[in-house]
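Participant: One structure follows; several queries about it will come next.
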Amino acid sequence: MTFAISLKQFCRTPLTSIVFLVLFTTAAFFVSCGAIIWIRNQAVIKAYEDVFVTVGTVRQLPTRIEIDETWDALSKDYTRRRIARYAAPVPVAVLDFEGAEYVFEPEKRPYYGAWRPDL
(Lines give C-alpha, C1' and ligand atoms only; values in the text may rest on other atoms or scores of the structure.)
Protein backbone atom coordinates (compact mmCIF):
# COMPACT_ATOMS: atom_id res chain seq x y z
CA MET A 1 0.00 0.00 0.00
CA THR A 2 2.81 2.42 0.77
CA PHE A 3 4.33 1.68 -2.65
CA ALA A 4 1.10 2.75 -4.39
CA ILE A 5 1.05 5.96 -2.38
CA SER A 6 4.67 6.61 -3.33
CA LEU A 7 3.87 6.15 -7.04
CA LYS A 8 0.95 8.57 -6.79
CA GLN A 9 3.18 11.13 -5.08
CA PHE A 10 5.87 10.55 -7.71
CA CYS A 11 3.43 11.19 -10.57
CA ARG A 12 2.16 14.46 -9.04
CA THR A 13 5.42 16.21 -9.91
CA PRO A 14 6.01 15.52 -13.61
CA LEU A 15 9.20 17.58 -13.97
CA THR A 16 10.89 15.79 -11.07
CA SER A 17 9.68 12.46 -12.45
CA ILE A 18 11.15 13.16 -15.89
CA VAL A 19 14.47 14.28 -14.43
CA PHE A 20 14.58 11.20 -12.21
CA LEU A 21 13.86 8.85 -15.12
CA VAL A 22 16.46 10.55 -17.35
CA LEU A 23 19.10 10.32 -14.63
CA PHE A 24 18.13 6.73 -13.86
CA THR A 25 18.39 5.64 -17.50
CA THR A 26 21.70 7.50 -17.90
CA ALA A 27 23.12 5.78 -14.82
CA ALA A 28 21.86 2.39 -16.04
CA PHE A 29 23.46 3.05 -19.45
CA PHE A 30 26.83 3.87 -17.90
CA VAL A 31 26.73 0.87 -15.56
CA SER A 32 25.94 -1.50 -18.42
CA CYS A 33 28.65 0.05 -20.63
CA GLY A 34 31.14 -0.28 -17.79
CA ALA A 35 30.21 -3.91 -17.28
CA ILE A 36 30.66 -4.65 -20.99
CA ILE A 37 34.03 -2.90 -21.07
CA TRP A 38 35.14 -4.78 -17.95
CA ILE A 39 34.13 -8.15 -19.45
CA ARG A 40 35.96 -7.41 -22.71
CA ASN A 41 39.00 -6.19 -20.82
CA GLN A 42 39.15 -9.41 -18.79
CA ALA A 43 39.03 -11.45 -22.01
CA VAL A 44 41.87 -9.41 -23.55
CA ILE A 45 43.96 -9.71 -20.39
CA LYS A 46 43.49 -13.49 -20.42
CA ALA A 47 44.53 -13.63 -24.09
CA TYR A 48 47.67 -11.57 -23.39
CA GLU A 49 48.59 -13.69 -20.37
CA ASP A 50 48.55 -16.77 -22.60
CA VAL A 51 50.80 -15.12 -25.21
CA PHE A 52 53.36 -13.13 -23.22
CA VAL A 53 56.04 -14.44 -20.92
CA THR A 54 57.12 -12.81 -17.69
CA VAL A 55 60.59 -11.33 -17.81
CA GLY A 56 62.49 -11.48 -14.56
CA THR A 57 65.31 -9.31 -13.37
CA VAL A 58 67.81 -9.90 -10.63
CA ARG A 59 69.05 -7.15 -8.36
CA GLN A 60 71.94 -7.58 -6.01
CA LEU A 61 71.27 -6.25 -2.53
CA PRO A 62 73.84 -4.00 -0.88
CA THR A 63 75.92 -5.51 1.90
CA ARG A 64 76.28 -2.26 3.80
CA ILE A 65 75.32 1.40 3.69
CA GLU A 66 77.93 4.09 4.21
CA ILE A 67 77.32 7.75 4.90
CA ASP A 68 79.38 10.12 2.76
CA GLU A 69 79.97 13.65 4.01
CA THR A 70 80.91 16.54 1.76
CA TRP A 71 81.39 20.14 2.77
CA ASP A 72 78.79 22.56 1.43
CA ALA A 73 80.27 26.07 1.37
CA LEU A 74 76.93 27.75 0.76
CA SER A 75 75.22 26.35 3.85
CA LYS A 76 78.53 26.10 5.76
CA ASP A 77 77.71 22.60 6.87
CA TYR A 78 78.37 19.03 5.85
CA THR A 79 75.99 17.41 3.38
CA ARG A 80 75.39 13.75 4.17
CA ARG A 81 74.18 11.13 1.76
CA ARG A 82 73.84 7.37 1.92
CA ILE A 83 75.89 5.24 -0.45
CA ALA A 84 75.21 1.53 -0.97
CA ARG A 85 78.26 -0.72 -0.98
CA TYR A 86 78.16 -4.13 -2.61
CA ALA A 87 80.15 -7.33 -2.23
CA ALA A 88 81.45 -9.28 -5.21
CA PRO A 89 78.98 -9.49 -8.11
CA VAL A 90 76.50 -12.34 -8.13
CA PRO A 91 77.74 -15.04 -10.52
CA VAL A 92 75.59 -16.00 -13.49
CA ALA A 93 75.56 -19.63 -12.29
CA VAL A 94 73.19 -18.60 -9.48
CA LEU A 95 70.52 -17.90 -12.10
CA ASP A 96 70.78 -21.41 -13.57
CA PHE A 97 68.27 -23.32 -11.45
CA GLU A 98 65.66 -25.96 -12.17
CA GLY A 99 62.35 -24.62 -13.43
CA ALA A 100 63.73 -21.52 -15.13
CA GLU A 101 62.84 -21.75 -18.81
CA TYR A 102 65.11 -19.24 -20.54
CA VAL A 103 64.68 -18.10 -24.12
CA PHE A 104 68.30 -16.94 -23.94
CA GLU A 105 70.71 -18.05 -21.25
CA PRO A 106 71.35 -15.41 -18.58
CA GLU A 107 74.32 -13.16 -19.09
CA LYS A 108 76.12 -10.69 -16.94
CA ARG A 109 74.98 -7.31 -18.23
CA PRO A 110 74.35 -4.01 -16.56
CA TYR A 111 71.13 -3.42 -18.54
CA TYR A 112 68.56 -5.59 -20.28
CA GLY A 113 66.14 -4.58 -22.99
CA ALA A 114 63.19 -5.95 -24.87
CA TRP A 115 63.65 -7.85 -28.11
CA ARG A 116 61.06 -7.98 -30.86
CA PRO A 117 61.94 -9.96 -33.99
CA ASP A 118 59.53 -7.99 -36.21
CA LEU A 119 61.32 -4.65 -35.64
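Residue numbering restarts at 1 in every chain; chains get A, B, ... in the order shown in the C-alpha coordinates, and ligands count up from 1 in that same order.
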From chain A, collect each residue whose DSSP state is helix (DSSP H, G or I) and return the set as number ranges by chain.

Facilitator: A: 2-12, 14-51, 92-95

Participant: What's the 9 Å shell around region 86-94 of chain A, counting only C-alpha atoms, without same-chain residues fewer than 3 positions away, as a list in words?

Facilitator: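 Everything that qualifies: Gln60, Leu61, Pro62, Thr63, Arg64, Ile65, Phe97, Pro106, Glu107 and Lys108 of chain A.
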
Participant: Produce a file of the selected residues containing N, CA, C and O atoms, as a PDB file, in the first residue's frame.

Facilitator:
```pdb
ATOM      1  N   GLN A  60      71.093  -7.212  -7.143  1.00  0.00           N
ATOM      2  CA  GLN A  60      71.943  -7.576  -6.014  1.00  0.00           C
ATOM      3  C   GLN A  60      71.697  -6.583  -4.883  1.00  0.00           C
ATOM      4  O   GLN A  60      71.685  -5.372  -5.086  1.00  0.00           O
ATOM      5  N   LEU A  61      71.513  -7.104  -3.696  1.00  0.00           N
ATOM      6  CA  LEU A  61      71.269  -6.252  -2.530  1.00  0.00           C
ATOM      7  C   LEU A  61      72.593  -5.740  -1.975  1.00  0.00           C
ATOM      8  O   LEU A  61      73.602  -6.453  -1.996  1.00  0.00           O
ATOM      9  N   PRO A  62      72.591  -4.524  -1.464  1.00  0.00           N
ATOM     10  CA  PRO A  62      73.842  -4.003  -0.880  1.00  0.00           C
ATOM     11  C   PRO A  62      74.187  -4.734   0.414  1.00  0.00           C
ATOM     12  O   PRO A  62      73.316  -5.171   1.151  1.00  0.00           O
ATOM     13  N   THR A  63      75.481  -4.860   0.663  1.00  0.00           N
ATOM     14  CA  THR A  63      75.921  -5.513   1.895  1.00  0.00           C
ATOM     15  C   THR A  63      75.994  -4.526   3.054  1.00  0.00           C
ATOM     16  O   THR A  63      75.832  -4.914   4.204  1.00  0.00           O
ATOM     17  N   ARG A  64      76.240  -3.275   2.745  1.00  0.00           N
ATOM     18  CA  ARG A  64      76.283  -2.258   3.800  1.00  0.00           C
ATOM     19  C   ARG A  64      75.961  -0.888   3.204  1.00  0.00           C
ATOM     20  O   ARG A  64      76.043  -0.689   1.999  1.00  0.00           O
ATOM     21  N   ILE A  65      75.613   0.023   4.075  1.00  0.00           N
ATOM     22  CA  ILE A  65      75.315   1.399   3.692  1.00  0.00           C
ATOM     23  C   ILE A  65      76.319   2.299   4.404  1.00  0.00           C
ATOM     24  O   ILE A  65      76.472   2.223   5.628  1.00  0.00           O
ATOM     25  N   PHE A  97      68.908 -22.410 -12.391  1.00  0.00           N
ATOM     26  CA  PHE A  97      68.268 -23.320 -11.446  1.00  0.00           C
ATOM     27  C   PHE A  97      67.148 -24.059 -12.165  1.00  0.00           C
ATOM     28  O   PHE A  97      66.709 -23.676 -13.246  1.00  0.00           O
ATOM     29  N   PRO A 106      71.034 -16.673 -19.259  1.00  0.00           N
ATOM     30  CA  PRO A 106      71.350 -15.414 -18.576  1.00  0.00           C
ATOM     31  C   PRO A 106      72.801 -15.009 -18.797  1.00  0.00           C
ATOM     32  O   PRO A 106      73.693 -15.851 -18.896  1.00  0.00           O
ATOM     33  N   GLU A 107      72.990 -13.718 -18.903  1.00  0.00           N
ATOM     34  CA  GLU A 107      74.321 -13.165 -19.090  1.00  0.00           C
ATOM     35  C   GLU A 107      74.551 -12.097 -18.036  1.00  0.00           C
ATOM     36  O   GLU A 107      73.613 -11.618 -17.405  1.00  0.00           O
ATOM     37  N   LYS A 108      75.780 -11.730 -17.888  1.00  0.00           N
ATOM     38  CA  LYS A 108      76.122 -10.693 -16.936  1.00  0.00           C
ATOM     39  C   LYS A 108      76.165  -9.365 -17.691  1.00  0.00           C
ATOM     40  O   LYS A 108      77.108  -9.077 -18.412  1.00  0.00           O
TER      41      LYS A 108
END
```

Participant: Find the distance between CA of Ile45 (chain A) and CA of Phe104 (chain A) and write it in Å to one decimal.

Facilitator: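 Straight-line distance from CA of Ile45 (chain A) to CA of Phe104 (chain A) works out to 25.6 Å.
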
Participant: By how many Å are CA of Arg85 (chain A) and CA of Asp68 (chain A) apart?

Facilitator: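 CA of Asp68 (chain A) lies 11.5 Å from CA of Arg85 (chain A).
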
Participant: Rank A:Ile67, A:Leu15, A:Leu23, A:Ile37 by their smallest atom-to-atom distance to Thr79 (chain A), using only C-alpha atoms, and report the top residue only.

Facilitator: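 Looking at the shortest contact to Thr79 (chain A), the residue is A:Ile67.
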
Participant: Interatomic distance between CA of Phe30 (chain A) and CA of Glu49 (chain A)?

Facilitator: 28.1 Å
